[in-house]
Amino acid sequence: MIKMQCLAGAAMLVAVCAAGAAAQNAPVPPPPPKPNQCIADDGGFKMHGKQPAFVITLENKCEKRVRCRVFANITTARDSKRVQTTMTLAPKSKGAKAKQSYVVRVKVKGGMVQMSRDCRYL
């Protein structure tokens, strides 16, 4: 009788352990990408009408709204500017609303730019 109870207890313990192991081996969905990984940025010196400018363009590649703070230090042969702006980008399914540009007027076309951004989901 005691052997039967021990055998039943051992079988129950194995079944509980097997169920726990199966739950641990279940596929875990991948974490969502970080907001900075969802943003494609493009910047360059261009002519904006007859005025030279540096254009900062951000495009959202994810299905969540994103707000980005953009910081840029633009240095040309004739001037230097520090710029800070905030852009709110719609999800990529919204088409053109997922892409925004910011234009900074400069004195000459060409120079150096250091740019960074900090993005967060809304």
# chains A, B, ... in the order shown; residues from 1 in each chain; ligands from 1

call {"tool": "residues_around", "arguments": {"residues": "Pro35 (chain A)", "least_positions_apart": "3", "cutoff": "9 Å", "atoms": "only C-alpha atoms", "output": "list in words"}}
result
Pro32, Cys38, Ile39, Cys62, Lys64, Val66, Arg67, Cys68, Asp118, Cys119, Arg120 and Tyr121 of chain A

call {"tool": "write_last_selection", "arguments": {"atoms": "N, CA and C atoms", "output": "PDB file, in the first residue's frame"}}
result
ATOM      1  N   PRO A  32       8.807  44.454 -28.801  1.00  0.00           N
ATOM      2  CA  PRO A  32       8.642  45.462 -29.854  1.00  0.00           C
ATOM      3  C   PRO A  32       9.940  46.249 -30.020  1.00  0.00           C
ATOM      4  N   CYS A  38      12.721  52.536 -34.999  1.00  0.00           N
ATOM      5  CA  CYS A  38      11.596  52.684 -35.927  1.00  0.00           C
ATOM      6  C   CYS A  38      11.747  53.887 -36.840  1.00  0.00           C
ATOM      7  N   ILE A  39      12.712  54.720 -36.600  1.00  0.00           N
ATOM      8  CA  ILE A  39      12.819  55.988 -37.324  1.00  0.00           C
ATOM      9  C   ILE A  39      13.957  55.925 -38.343  1.00  0.00           C
ATOM     10  N   CYS A  62       7.272  52.123 -38.049  1.00  0.00           N
ATOM     11  CA  CYS A  62       6.509  51.228 -37.174  1.00  0.00           C
ATOM     12  C   CYS A  62       5.038  51.636 -37.138  1.00  0.00           C
ATOM     13  N   LYS A  64       3.250  52.504 -34.526  1.00  0.00           N
ATOM     14  CA  LYS A  64       2.915  53.285 -33.333  1.00  0.00           C
ATOM     15  C   LYS A  64       3.305  54.727 -33.585  1.00  0.00           C
ATOM     16  N   VAL A  66       5.055  58.143 -32.809  1.00  0.00           N
ATOM     17  CA  VAL A  66       6.347  58.401 -32.185  1.00  0.00           C
ATOM     18  C   VAL A  66       6.576  59.904 -32.130  1.00  0.00           C
ATOM     19  N   ARG A  67       7.089  60.372 -31.004  1.00  0.00           N
ATOM     20  CA  ARG A  67       7.508  61.771 -30.869  1.00  0.00           C
ATOM     21  C   ARG A  67       9.016  61.788 -30.704  1.00  0.00           C
ATOM     22  N   CYS A  68       9.681  62.580 -31.556  1.00  0.00           N
ATOM     23  CA  CYS A  68      11.141  62.654 -31.536  1.00  0.00           C
ATOM     24  C   CYS A  68      11.595  64.081 -31.272  1.00  0.00           C
ATOM     25  N   ASP A 118      16.046  61.786 -29.901  1.00  0.00           N
ATOM     26  CA  ASP A 118      15.541  60.995 -28.790  1.00  0.00           C
ATOM     27  C   ASP A 118      14.058  60.774 -29.058  1.00  0.00           C
ATOM     28  N   CYS A 119      13.656  59.531 -29.319  1.00  0.00           N
ATOM     29  CA  CYS A 119      12.291  59.229 -29.706  1.00  0.00           C
ATOM     30  C   CYS A 119      11.593  58.396 -28.644  1.00  0.00           C
ATOM     31  N   ARG A 120      10.274  58.608 -28.522  1.00  0.00           N
ATOM     32  CA  ARG A 120       9.447  57.873 -27.558  1.00  0.00           C
ATOM     33  C   ARG A 120       8.093  57.554 -28.198  1.00  0.00           C
ATOM     34  N   TYR A 121       7.533  56.392 -27.830  1.00  0.00           N
ATOM     35  CA  TYR A 121       6.188  56.032 -28.273  1.00  0.00           C
ATOM     36  C   TYR A 121       5.160  56.891 -27.549  1.00  0.00           C
TER      37      TYR A 121
END

call {"tool": "residues_around", "arguments": {"residues": "region 98-102 of chain A", "least_positions_apart": "3", "cutoff": "6 Å", "atoms": "only C-alpha atoms", "output": "list in words"}}
result
Val55, Ile56, Thr57, Leu58, Glu59, Asn60, Leu89, Ala90, Pro91, Lys92 and Gly95 of chain A

call {"tool": "atom_distance", "arguments": {"atom1": "CA of Phe45 (chain A)", "atom2": "CA of Lys94 (chain A)"}}
result
27.4 Å

call {"tool": "residues_around", "arguments": {"residues": "region 79-85 of chain A", "least_positions_apart": "4", "cutoff": "9 Å", "atoms": "only C-alpha atoms", "output": "MDAnalysis selection string"}}
result
chainID A and resid 68:75 102 104 106:108

call {"tool": "select_by_dssp", "arguments": {"residues": "chain A", "states": "alpha helix (DSSP H)", "output": "ChimeraX atom specification"}}
result
/A:2-24

call {"tool": "select_by_dssp", "arguments": {"residues": "region 41-81 of chain A", "states": "strand (DSSP E or B)", "output": "PyMOL selection string"}}
result
chain A and resi 41-48+51-60+66-75+80-81

call {"tool": "closest_residue", "arguments": {"among": "A:Gln37, A:Thr76, A:Asn25, A:Gln51", "to": "Gly111 (chain A)", "atoms": "only C-alpha atoms"}}
result
A:Thr76

call {"tool": "atom_distance", "arguments": {"atom1": "CA of Glu63 (chain A)", "atom2": "CA of Pro30 (chain A)"}}
result
15.4 Å

call {"tool": "closest_residue", "arguments": {"among": "A:Val28, A:Arg105, A:Pro33, A:Arg65", "to": "His48 (chain A)", "atoms": "only C-alpha atoms"}}
result
A:Arg105

call {"tool": "closest_residue", "arguments": {"among": "A:Ser93, A:Pro27, A:Ala53, A:Thr88", "to": "Gly110 (chain A)", "atoms": "only C-alpha atoms"}}
result
A:Ala53

call {"tool": "atom_distance", "arguments": {"atom1": "CA of Lys61 (chain A)", "atom2": "CA of Met115 (chain A)"}}
result
19.5 Å
